[in-house]
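**Student:** Please find input_1.csv (CSV, C-alpha atoms) on the next line:
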```csv
chain,number,residue,atom,x,y,z
A,5,MET,CA,11.7,-13.6,-8.7
A,6,ASP,CA,12.3,-13.0,-5.0
A,7,PRO,CA,9.2,-13.9,-3.1
A,8,TYR,CA,9.3,-10.6,-1.2
A,9,ALA,CA,9.2,-8.6,-4.5
A,10,THR,CA,6.0,-10.1,-6.0
A,11,HIS,CA,4.2,-6.7,-5.6
A,12,GLN,CA,6.5,-4.8,-8.0
A,13,GLU,CA,4.5,-5.5,-11.1
A,14,ALA,CA,1.3,-4.0,-9.6
A,15,LEU,CA,3.3,-1.1,-8.1
A,16,ARG,CA,5.1,-0.3,-11.3
A,17,TRP,CA,1.8,-0.5,-13.3
A,18,SER,CA,0.2,2.0,-10.9
A,19,LEU,CA,3.1,4.4,-11.0
A,20,ASN,CA,3.1,4.2,-14.8
A,21,LYS,CA,-0.6,5.1,-14.8
A,22,LEU,CA,-0.2,8.0,-12.3
A,23,GLY,CA,3.2,9.4,-13.2
A,24,SER,CA,5.8,10.7,-10.8
A,25,ASP,CA,4.4,14.0,-9.7
A,26,ILE,CA,2.1,12.4,-7.1
A,27,VAL,CA,1.4,12.2,-3.4
A,28,ALA,CA,2.1,8.7,-2.2
A,29,TYR,CA,2.0,6.8,1.0
A,30,GLU,CA,3.8,3.6,1.8
A,31,ILE,CA,2.2,1.7,4.7
A,32,GLY,CA,5.0,-0.6,5.8
A,33,ALA,CA,8.6,-0.1,4.7
A,34,GLY,CA,10.4,-2.8,2.7
A,35,TYR,CA,13.5,-3.6,0.8
A,36,TYR,CA,11.7,-3.7,-2.6
A,37,SER,CA,9.1,-1.0,-2.2
A,38,THR,CA,10.7,1.8,-0.3
A,39,GLN,CA,13.6,2.3,-2.8
A,40,LEU,CA,11.3,1.9,-5.8
A,41,LEU,CA,8.9,4.5,-4.5
A,42,HIS,CA,11.7,6.8,-3.4
A,43,GLU,CA,13.1,6.8,-6.9
A,44,ALA,CA,9.7,7.1,-8.7
A,45,VAL,CA,7.8,9.7,-6.6
A,46,SER,CA,8.9,13.3,-7.2
A,47,LYS,CA,6.2,15.2,-5.3
A,48,ARG,CA,5.8,13.7,-1.9
A,49,LEU,CA,6.3,10.2,-0.4
A,50,THR,CA,5.5,9.3,3.2
A,51,THR,CA,6.6,6.0,4.5
A,52,VAL,CA,4.6,4.9,7.6
A,53,GLU,CA,5.9,2.1,9.9
A,54,SER,CA,5.0,0.6,13.2
A,55,ASP,CA,8.4,-1.0,13.9
A,56,LEU,CA,11.0,1.7,14.7
A,57,ASP,CA,14.0,-0.5,14.3
A,58,TRP,CA,12.8,-1.7,10.9
A,59,CYS,CA,12.0,1.9,9.9
A,60,ARG,CA,15.6,3.0,10.7
A,61,LYS,CA,16.9,0.6,8.0
A,62,PHE,CA,15.4,2.9,5.4
A,63,MET,CA,15.6,6.4,6.9
A,64,HIS,CA,18.8,7.1,5.0
A,65,LEU,CA,16.4,7.8,2.1
A,66,GLN,CA,14.7,10.7,4.0
A,67,SER,CA,14.7,13.8,1.9
A,68,ASP,CA,12.7,17.0,1.2
A,69,ASN,CA,10.0,14.9,-0.6
A,70,HIS,CA,10.3,11.6,1.3
A,71,CYS,CA,9.5,11.6,5.0
A,72,PHE,CA,9.1,8.7,7.5
A,73,ILE,CA,6.5,8.5,10.2
A,74,TRP,CA,6.5,6.0,13.1
A,75,ILE,CA,3.0,5.1,14.5
A,76,SER,CA,2.8,3.0,17.6
A,77,PRO,CA,1.5,-0.5,17.1
A,78,GLU,CA,-1.5,0.2,19.3
A,79,ASN,CA,-2.7,3.1,17.1
A,80,TRP,CA,-1.6,1.3,13.9
A,81,ARG,CA,-4.4,-1.3,14.4
A,82,ARG,CA,-7.1,1.3,15.0
A,83,ASP,CA,-6.4,4.3,12.8
A,84,PHE,CA,-3.6,6.3,11.2
A,85,PRO,CA,-3.7,9.5,13.3
A,86,GLY,CA,-2.5,12.6,11.6
A,87,LEU,CA,-2.3,11.1,8.1
A,88,ASP,CA,-4.0,13.1,5.4
A,89,LYS,CA,-6.4,10.9,3.5
A,90,THR,CA,-5.6,12.7,0.2
A,91,ALA,CA,-3.2,10.6,-1.9
A,92,ASP,CA,-2.7,9.6,-5.5
A,93,LEU,CA,-1.2,6.3,-4.6
A,94,VAL,CA,-1.1,4.2,-1.4
A,95,PHE,CA,0.9,1.0,-1.2
A,96,ILE,CA,0.0,-1.2,1.7
A,97,ASP,CA,2.3,-4.0,2.8
A,98,SER,CA,2.4,-3.6,6.6
A,99,PHE,CA,3.5,-6.4,8.9
A,100,ASP,CA,0.2,-7.3,10.4
A,101,GLY,CA,-3.1,-8.0,8.5
A,102,PRO,CA,-5.4,-5.9,10.7
A,103,SER,CA,-3.4,-2.8,10.0
A,104,ARG,CA,-3.9,-3.4,6.3
A,105,VAL,CA,-7.7,-3.3,6.7
A,106,VAL,CA,-7.4,-0.1,8.7
A,107,ALA,CA,-5.3,1.4,5.9
A,108,MET,CA,-7.6,0.3,3.1
A,109,ASN,CA,-10.6,1.8,5.0
A,110,HIS,CA,-8.6,5.0,5.8
A,111,PHE,CA,-7.9,5.8,2.1
A,112,LYS,CA,-10.9,4.0,0.5
A,113,ASP,CA,-12.8,7.0,-0.8
A,114,THR,CA,-9.9,9.5,-1.3
A,115,ALA,CA,-6.9,7.8,-2.8
A,116,LYS,CA,-6.8,7.3,-6.6
A,117,LEU,CA,-5.1,3.9,-6.4
A,118,ILE,CA,-4.4,1.6,-3.5
A,119,VAL,CA,-2.0,-1.3,-4.0
A,120,VAL,CA,-2.3,-4.1,-1.4
A,121,HIS,CA,0.2,-7.0,-1.3
A,122,ASP,CA,-0.6,-10.6,-0.2
A,123,GLN,CA,-4.3,-10.8,-0.9
A,124,GLU,CA,-4.5,-14.4,-2.2
A,125,CYS,CA,-6.9,-15.6,0.5
A,126,VAL,CA,-9.5,-13.1,-0.7
A,127,PHE,CA,-9.7,-14.8,-4.1
A,128,ARG,CA,-8.8,-18.4,-3.2
A,129,ASP,CA,-10.0,-19.1,0.3
A,130,PRO,CA,-12.1,-16.2,1.8
A,131,GLY,CA,-12.6,-18.2,5.0
A,132,SER,CA,-8.9,-17.9,5.9
A,133,CYS,CA,-8.8,-14.1,5.6
A,134,TYR,CA,-8.0,-12.1,8.7
A,135,GLU,CA,-10.9,-10.1,10.2
A,136,GLY,CA,-12.3,-7.6,7.8
A,137,GLN,CA,-9.9,-8.4,4.9
A,138,TYR,CA,-12.4,-9.9,2.5
A,139,ASP,CA,-15.0,-7.1,3.0
A,140,ALA,CA,-12.3,-4.4,2.8
A,141,VAL,CA,-11.0,-5.6,-0.6
A,142,MET,CA,-14.3,-6.6,-2.1
A,143,GLY,CA,-15.9,-3.3,-1.0
A,144,PHE,CA,-14.0,-1.4,-3.7
A,145,LYS,CA,-15.8,-0.6,-6.9
A,146,TYR,CA,-12.7,-1.4,-9.1
A,147,ILE,CA,-10.3,-4.3,-8.4
A,148,LYS,CA,-7.4,-5.4,-10.6
A,149,GLN,CA,-5.4,-8.5,-9.6
A,150,PHE,CA,-1.7,-9.1,-10.3
A,151,VAL,CA,-0.7,-12.7,-9.8
A,152,ASN,CA,3.0,-13.4,-9.5
A,153,ASP,CA,4.3,-16.7,-8.3
A,154,ARG,CA,0.9,-17.5,-6.7
A,155,ILE,CA,1.0,-14.3,-4.7
A,156,ILE,CA,-1.8,-11.9,-5.5
A,157,THR,CA,-1.3,-8.1,-5.2
A,158,VAL,CA,-4.4,-6.0,-5.9
A,159,VAL,CA,-4.9,-2.5,-7.2
A,160,LEU,CA,-8.1,-1.0,-5.8
A,161,SER,CA,-10.0,2.2,-6.5
A,162,ASN,CA,-13.3,3.8,-5.9
A,163,LEU,CA,-12.4,6.8,-8.0
A,164,ILE,CA,-10.9,5.4,-11.2
A,165,ASP,CA,-12.1,2.6,-13.5
A,166,LEU,CA,-9.0,0.4,-13.6
A,167,ASN,CA,-10.1,-1.1,-16.9
A,168,SER,CA,-10.0,2.3,-18.5
A,169,LEU,CA,-6.4,2.9,-17.6
```
If you convert what's in this file into structure tokens, what do you get?

**Tutor:**
Amino acid sequence: MDPYATHQEALRWSLNKLGSDIVAYEIGAGYYSTQLLHEAVSKRLTTVESDLDWCRKFMHLQSDNHCFIWISPENWRRDFPGLDKTADLVFIDSFDGPSRVVAMNHFKDTAKLIVVHDQECVFRDPGSCYEGQYDAVMGFKYIKQFVNDRIITVVLSNLIDLNSL
């Protein structure tokens, strides 16, 4: 498996549980997630990116139910201004770690499922986590790990018992 696609199992699991008629956010565009979400989400998908040149690589997918939002890197690390907190699914794979913590906290009590890629330090070496990462992940009531080629992607929720899905 391509090392950049190790999140797909967790993302597909989440989509399978929620269905396609959902509101989803993708925080950080990518070759393996943007196309997958574009094809799977029928209601509304919003891809949020802080690198405008990177975002342009995927904007050919823009449609009535898939929009792209660029947020300046300065705002990206503090908050996601203008983003509705209501979502069924949030996929977080942004470029920098601190923005992942901001995204987890932004959607923590409102999104049904939050999928976060590259979380191995939380479970293997908490001392090497970026600031706030360990507390953000472990602060969720329900946590499900997907390990693929030593990379850990987590599904998080405060609203749905992941063991009951």

**Student:** For Glu135 of chain A, which residue among A:Asp83, A:Asp100, A:Asp122, A:Asp68 is the nearest when counting only C-alpha atoms?

**Tutor:** A:Asp100

**Student:** Compile the contact shell of segment 24-35 of chain A as a tab-separated table (two decimals) with C-alpha atoms, in the frame of the given file: residues with an atom at most 6 Å away, counting all atoms listed in the file, same-chain residues fewer than 3 positions apart removed.

**Tutor:**
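Dumped everything to around.tsv:
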```
chain	number	residue	atom	x	y	z
A	38	THR	CA	10.70	1.80	-0.30
A	44	ALA	CA	9.70	7.10	-8.70
A	45	VAL	CA	7.80	9.70	-6.60
A	46	SER	CA	8.90	13.30	-7.20
A	47	LYS	CA	6.20	15.20	-5.30
A	48	ARG	CA	5.80	13.70	-1.90
A	49	LEU	CA	6.30	10.20	-0.40
A	50	THR	CA	5.50	9.30	3.20
A	51	THR	CA	6.60	6.00	4.50
A	52	VAL	CA	4.60	4.90	7.60
A	53	GLU	CA	5.90	2.10	9.90
A	91	ALA	CA	-3.20	10.60	-1.90
A	92	ASP	CA	-2.70	9.60	-5.50
A	93	LEU	CA	-1.20	6.30	-4.60
A	94	VAL	CA	-1.10	4.20	-1.40
A	95	PHE	CA	0.90	1.00	-1.20
A	96	ILE	CA	0.00	-1.20	1.70
A	97	ASP	CA	2.30	-4.00	2.80
A	98	SER	CA	2.40	-3.60	6.60
```

**Student:** Between atom CA of Ile156 of chain A and atom CA of Phe127 of chain A, what is the distance, to one decimal in Å?

**Tutor:**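 The value is 8.5 Å.
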
**Student:** For segment 139-146 of chain A, work out the shell of residues within 8 Å, counting all atoms listed in the file and skipping chain neighbours fewer than 5 positions away, then give it as a ChimeraX atom specification.

**Tutor:** /A:105,108-109,112,126,160-162,164-166

**Student:** Rank A:Tyr134, A:Trp17, A:Trp74, A:Phe150 by their smallest atom-to-atom distance to Pro102 of chain A, using all atoms listed in the file, and report the top residue only.

**Tutor:**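 With all atoms listed in the file as the atom set, the closest residue is A:Tyr134.
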
**Student:** Have a look at A:Leu169, A:Val120, A:Cys125, A:Leu163 and name the one nearest to Lys21 of chain A; count all atoms listed in the file.

**Tutor:**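 Residue with the minimum atom-to-atom distance to Lys21 of chain A: A:Leu169.
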